[in-house]
Amino acid sequence: MTALPTFSDVVAASARIKGQAHRTPVLRSRYLNALSGVELFFKAENFQRVGAFKFRGATNAILALPEDVRQKGIIAFSSGNHAQAIACAAREARVPAVIVMPEDAPAVKLAATRGYGAEVVTYDRYSQDREEIAARLVAERGGTLLPSFNHPDIIAGQGTAALELMEETGPLDALFVPVGGGGLASGCALVAHEVAPDCAVIGVEPAAGDDARQSMAAGHIVKIATPRTIADGAQTTSVGDITFALMQRYVRDIVTVDDAALAATMRLLAERMKIIVEPTGCLAPAAALAAAPQWQGRRVGVLVSGGNIDITRFAQLVG
């Protein structure tokens with residue numbers, strides 16, 4: 001296994017992406033605080049460039065490559081947000097990018113990825129293996145493969161979201177973070193362990209795809225079939241060996257949220273906080289509100305991971 005990233009890698013990533021990634025706002029809601037009895041701090045990565053936290057890791061990973069390696073191009077696979085992030089970061093670095101994306105990825109994410117200048121290669125997520133396709137492209141074309149989560153520089157970049165959050169809020173009692181492949185959760189947990197050792201980091205998965213929860217319980221990585229959930233950003237089949245090792249060390253628990261709760265939370269955040277959040281981005285808010293009885297009067301961070309959703313689809317889900 002590749003060496004695990006450290007807190008110093010996150011600090012280095014923060015300096016590397018400064019001026020590229022946005023320092024996103026930390027939002028608060030008197031209504032939700034009163035409703036839950038918890039002091040909630042929402043790190044709004046739906047306001048990040050490309051509409052999701054993924055831009056942090058993509059930018060850090062590309063800029064960390066030696067210039068001669070970088071110019072040979074980047075290859076990635078993603079259901080949408082990592083795809084857009086790599087495409088945008090590659091454009092900023094003036095390097096070519098090829099992205100493997102599922103053919104049923106949200107139209108807005110496919111269009112945005114192409115709009116940033118990347119070449120998109122589509123596949124059937126239920127019958128084809130995206131990693132095999134990406135490996136074949138690397139063999140045929142050359143370039144560097146940057147996976148969406150299981151990479152030290154990707155993880156360090158994602159961890160900068162928690163670093164910024166706690167720089168603004170100070171130590172928190174708990175931090176709820178969505179889990180797909182585990183890049184964001186492991187990076188944020190790494191930061192919390194260093195900055196606020198008593199902070200309980202809670203990973204949140206869609207109920208239909210609880211591979212991380214199964215893996216943590218079993219003590220080894222469990223792979224599942226592609227989950228059918230509206231949280232398309234968390235339709236991973238397993239965590240990575242790097243992310244799993246970090247989560248085993250630093251994540252206290254993994255909980256799940258069903259699709260109905262995600263849709264209800266999308267509506268709640270739109271009505272009360274006036275923000276559009278995609279289903280995956282609602283994993284942490286939904287779980288934090290559900291767990292409110294355990295955190296009465298405490299300070300709780302919530303990672304809102306992204307806001308990339310077609311507006312017609314958003315209307316269907318919240319209507």
# chains A, B, ... in the order shown; residues from 1 in each chain; ligands from 1
>>> residues_around(residues="Pro178 of chain A", least_positions_apart="4", cutoff="8 Å", atoms="only C-alpha atoms", output="PDB file with N, CA, C and O atoms, in the first residue's frame")
ATOM      1  N   LEU A 184     -12.804  12.192   1.055  1.00  0.00           N
ATOM      2  CA  LEU A 184     -13.157  13.340   1.881  1.00  0.00           C
ATOM      3  C   LEU A 184     -13.182  12.959   3.353  1.00  0.00           C
ATOM      4  O   LEU A 184     -12.629  13.661   4.199  1.00  0.00           O
ATOM      5  N   ALA A 185     -13.814  11.839   3.660  1.00  0.00           N
ATOM      6  CA  ALA A 185     -13.935  11.414   5.061  1.00  0.00           C
ATOM      7  C   ALA A 185     -12.578  11.151   5.686  1.00  0.00           C
ATOM      8  O   ALA A 185     -12.308  11.572   6.814  1.00  0.00           O
ATOM      9  N   GLY A 203     -18.798   9.170   9.529  1.00  0.00           N
ATOM     10  CA  GLY A 203     -18.991   9.037   8.094  1.00  0.00           C
ATOM     11  C   GLY A 203     -20.440   8.696   7.787  1.00  0.00           C
ATOM     12  O   GLY A 203     -21.109   8.021   8.575  1.00  0.00           O
ATOM     13  N   VAL A 204     -20.919   9.165   6.637  1.00  0.00           N
ATOM     14  CA  VAL A 204     -22.326   8.949   6.275  1.00  0.00           C
ATOM     15  C   VAL A 204     -22.417   8.392   4.855  1.00  0.00           C
ATOM     16  O   VAL A 204     -21.905   8.984   3.903  1.00  0.00           O
ATOM     17  N   GLU A 205     -23.097   7.257   4.719  1.00  0.00           N
ATOM     18  CA  GLU A 205     -23.308   6.610   3.433  1.00  0.00           C
ATOM     19  C   GLU A 205     -24.788   6.533   3.091  1.00  0.00           C
ATOM     20  O   GLU A 205     -25.643   6.580   3.988  1.00  0.00           O
ATOM     21  N   THR A 280     -26.090  13.625  -2.744  1.00  0.00           N
ATOM     22  CA  THR A 280     -24.898  13.194  -2.007  1.00  0.00           C
ATOM     23  C   THR A 280     -24.479  14.242  -0.992  1.00  0.00           C
ATOM     24  O   THR A 280     -24.033  13.918   0.112  1.00  0.00           O
ATOM     25  N   GLY A 281     -24.630  15.510  -1.350  1.00  0.00           N
ATOM     26  CA  GLY A 281     -24.288  16.593  -0.448  1.00  0.00           C
ATOM     27  C   GLY A 281     -25.178  16.669   0.770  1.00  0.00           C
ATOM     28  O   GLY A 281     -24.826  17.331   1.765  1.00  0.00           O
ATOM     29  N   LEU A 283     -26.071  13.956   2.503  1.00  0.00           N
ATOM     30  CA  LEU A 283     -25.808  12.832   3.399  1.00  0.00           C
ATOM     31  C   LEU A 283     -25.451  13.307   4.799  1.00  0.00           C
ATOM     32  O   LEU A 283     -26.050  12.880   5.795  1.00  0.00           O
ATOM     33  N   ALA A 284     -24.461  14.200   4.904  1.00  0.00           N
ATOM     34  CA  ALA A 284     -24.027  14.660   6.221  1.00  0.00           C
ATOM     35  C   ALA A 284     -25.088  15.495   6.932  1.00  0.00           C
ATOM     36  O   ALA A 284     -25.357  15.273   8.118  1.00  0.00           O
ATOM     37  N   LEU A 303     -20.240  18.606   6.649  1.00  0.00           N
ATOM     38  CA  LEU A 303     -19.656  18.815   5.332  1.00  0.00           C
ATOM     39  C   LEU A 303     -20.742  18.682   4.262  1.00  0.00           C
ATOM     40  O   LEU A 303     -21.251  17.587   4.011  1.00  0.00           O
ATOM     41  N   SER A 305     -21.155  18.486   0.711  1.00  0.00           N
ATOM     42  CA  SER A 305     -20.086  18.170  -0.240  1.00  0.00           C
ATOM     43  C   SER A 305     -20.267  18.729  -1.641  1.00  0.00           C
ATOM     44  O   SER A 305     -19.284  18.898  -2.364  1.00  0.00           O
TER      45      SER A 305
END
>>> residues_around(residues="Phe244 of chain A", least_positions_apart="6", cutoff="10 Å", atoms="only C-alpha atoms", output="JSON, numbers by chain")
{"A": [150, 181, 182, 183, 185, 186, 212, 215, 216, 219, 220, 221, 238, 250, 251]}
>>> closest_atom_pairs(of="segment 148-192 of chain A", to="segment 256-268 of chain A", cutoff="12 Å", atoms="only C-alpha atoms", output="tab-separated table")
residue	atom	partner	partner_atom	distance
A:Phe176	CA	A:Thr256	CA	11.3
A:Val177	CA	A:Thr256	CA	11.3
A:Pro178	CA	A:Thr256	CA	9.5
A:Val179	CA	A:Thr256	CA	9.6
A:Gly180	CA	A:Thr256	CA	11.5
>>> closest_residue(among="A:Thr160, A:Thr6, A:Gln294, A:Ser78", to="Glu131 of chain A", atoms="only C-alpha atoms")
A:Ser78
>>> closest_residue(among="A:Gly142, A:Gly19, A:Gly159, A:Pro106", to="Ala231 of chain A", atoms="only C-alpha atoms")
A:Pro106
>>> closest_residue(among="A:Ser8, A:Ser29, A:Gln84, A:Thr24", to="Ala270 of chain A", atoms="only C-alpha atoms")
A:Ser29
>>> select_by_dssp(residues="segment 98-307 of chain A", states="strand (DSSP E)", output="ChimeraX atom specification")
/A:98-102,119-123,144-145,174-178,200-206,253-257,299-304
